[in-house]
Amino acid sequence: MTTKKETAPASRLTRAMQVTNPSGLHARPTTEIVRCAMRFKSEITIEANGRRCSATSIMDIMTADIRTGAELIVTASGPDAEKALHALEACLRQLEAKGL
């Protein structure tokens, strides 16, 4: 007798976020975001300045020239999409507190 392992259905969620740290997304803050995104199974993208980037690619994010005050549209697709968006939102909020 075999049993099927049930998995949660993958979902696709989108949330608007804003960059509030004074220096925008240069190397150090981008590294924090990428580390956060890599903890999740979901595919995560960030849209800003008319460009879509992988949230797990430092070069993608840095070449998008995302400055303070920029609105980000963050999309997560996968089994842990809600948790991923929540974590990225918290990560963006913490950048200023960390002095990044």
# chains A, B, ... in the order shown; residues from 1 in each chain; ligands from 1
call {"tool": "closest_atom_pairs", "arguments": {"of": "stretch 2-47 of chain A", "to": "stretch 72-86 of chain A", "cutoff": "6 Å", "atoms": "only C-alpha atoms", "output": "tab-separated table"}}
result
residue	atom	partner	partner_atom	distance
A:Ala10	CA	A:Pro79	CA	4.4
A:Ser11	CA	A:Gly78	CA	5.3
A:Arg12	CA	A:Ser77	CA	4.2
A:Leu13	CA	A:Ala76	CA	5.4
A:Thr14	CA	A:Thr75	CA	4.3
A:Arg15	CA	A:Val74	CA	5.4
A:Ala16	CA	A:Ile73	CA	4.6
A:Met17	CA	A:Leu72	CA	5.0
A:Gln18	CA	A:Leu72	CA	5.7
A:Ser42	CA	A:Gly78	CA	4.1
A:Glu43	CA	A:Ser77	CA	5.2
A:Ile44	CA	A:Ala76	CA	4.3
A:Thr45	CA	A:Thr75	CA	5.3
A:Ile46	CA	A:Val74	CA	4.6
A:Glu47	CA	A:Ile73	CA	5.0
call {"tool": "write_last_selection", "arguments": {"atoms": "C-alpha atoms", "output": "PDB file, in the first residue's frame"}}
result
ATOM      1  CA  ALA A  10       1.641  26.479  -4.733  1.00  0.00           C
ATOM      2  CA  SER A  11       0.365  30.007  -4.685  1.00  0.00           C
ATOM      3  CA  ARG A  12       1.331  33.240  -6.393  1.00  0.00           C
ATOM      4  CA  LEU A  13       1.177  36.369  -4.261  1.00  0.00           C
ATOM      5  CA  THR A  14       2.177  39.941  -4.986  1.00  0.00           C
ATOM      6  CA  ARG A  15       2.802  42.782  -2.575  1.00  0.00           C
ATOM      7  CA  ALA A  16       3.910  46.396  -3.004  1.00  0.00           C
ATOM      8  CA  MET A  17       6.821  47.466  -0.815  1.00  0.00           C
ATOM      9  CA  GLN A  18       8.934  50.600  -0.557  1.00  0.00           C
ATOM     10  CA  SER A  42       9.231  29.986  -3.803  1.00  0.00           C
ATOM     11  CA  GLU A  43      10.451  31.824  -6.867  1.00  0.00           C
ATOM     12  CA  ILE A  44      10.620  35.492  -5.896  1.00  0.00           C
ATOM     13  CA  THR A  45      10.843  38.431  -8.269  1.00  0.00           C
ATOM     14  CA  ILE A  46      11.192  42.143  -7.661  1.00  0.00           C
ATOM     15  CA  GLU A  47       9.903  44.722 -10.127  1.00  0.00           C
TER      16      GLU A  47
END
call {"tool": "select_by_dssp", "arguments": {"residues": "chain A", "states": "alpha helix (DSSP H)", "output": "ChimeraX atom specification"}}
result
/A:27-37,58-62,81-97
call {"tool": "write_last_selection", "arguments": {"atoms": "C-alpha atoms", "output": "short mmCIF file (atom, residue, chain, number, x, y, z; two decimals), in the first residue's frame"}}
result
data_model
loop_
_atom_site.label_atom_id
_atom_site.label_comp_id
_atom_site.auth_asym_id
_atom_site.auth_seq_id
_atom_site.Cartn_x
_atom_site.Cartn_y
_atom_site.Cartn_z
CA ALA A 27 25.68 46.01 -2.48
CA ARG A 28 25.21 45.51 1.27
CA PRO A 29 21.41 45.90 1.45
CA THR A 30 21.03 43.82 -1.70
CA THR A 31 23.05 41.05 -0.08
CA GLU A 32 20.64 41.07 2.87
CA ILE A 33 17.65 40.77 0.53
CA VAL A 34 19.22 37.94 -1.48
CA ARG A 35 20.09 36.01 1.69
CA CYS A 36 16.52 36.38 2.88
CA ALA A 37 15.02 35.29 -0.46
CA ILE A 58 22.65 40.30 -6.46
CA MET A 59 23.56 41.51 -9.96
CA ASP A 60 19.94 41.61 -11.15
CA ILE A 61 18.91 43.80 -8.22
CA MET A 62 21.95 46.07 -8.29
CA ALA A 81 4.96 32.43 -0.89
CA GLU A 82 3.21 34.13 2.03
CA LYS A 83 6.12 33.53 4.39
CA ALA A 84 8.60 34.73 1.78
CA LEU A 85 6.77 38.01 1.20
CA HIS A 86 6.45 38.61 4.93
CA ALA A 87 10.18 37.96 5.46
CA LEU A 88 11.24 40.24 2.59
CA GLU A 89 9.00 43.01 3.88
CA ALA A 90 10.62 42.70 7.31
CA CYS A 91 14.09 42.62 5.73
CA LEU A 92 13.43 45.88 3.85
CA ARG A 93 12.16 47.55 7.05
CA GLN A 94 15.27 46.46 8.97
CA LEU A 95 17.81 47.82 6.49
CA GLU A 96 17.68 51.33 7.92
CA ALA A 97 17.92 50.07 11.50
#
call {"tool": "atom_distance", "arguments": {"atom1": "atom CA of A:Lys41", "atom2": "atom CA of A:Thr56"}}
result
11.2 Å
call {"tool": "atom_distance", "arguments": {"atom1": "atom CA of A:Ile66", "atom2": "atom CA of A:Ser23"}}
result
9.4 Å
call {"tool": "atom_distance", "arguments": {"atom1": "atom CA of A:Ser57", "atom2": "atom CA of A:Arg39"}}
result
13.2 Å
call {"tool": "closest_residue", "arguments": {"among": "A:Leu100, A:His26, A:Phe40, A:Ala48", "to": "A:Ala70", "atoms": "only C-alpha atoms"}}
result
A:Ala48
call {"tool": "select_by_dssp", "arguments": {"residues": "chain A", "states": "strand (DSSP E)", "output": "ChimeraX atom specification"}}
result
/A:11-18,43-48,51-54,71-78
call {"tool": "closest_residue", "arguments": {"among": "A:Val19, A:Gly50, A:Lys98, A:Gly24", "to": "A:Arg67", "atoms": "only C-alpha atoms"}}
result
A:Gly24
call {"tool": "closest_residue", "arguments": {"among": "A:Gly99, A:Asn49, A:Met38, A:Thr68", "to": "A:Thr20", "atoms": "only C-alpha atoms"}}
result
A:Thr68
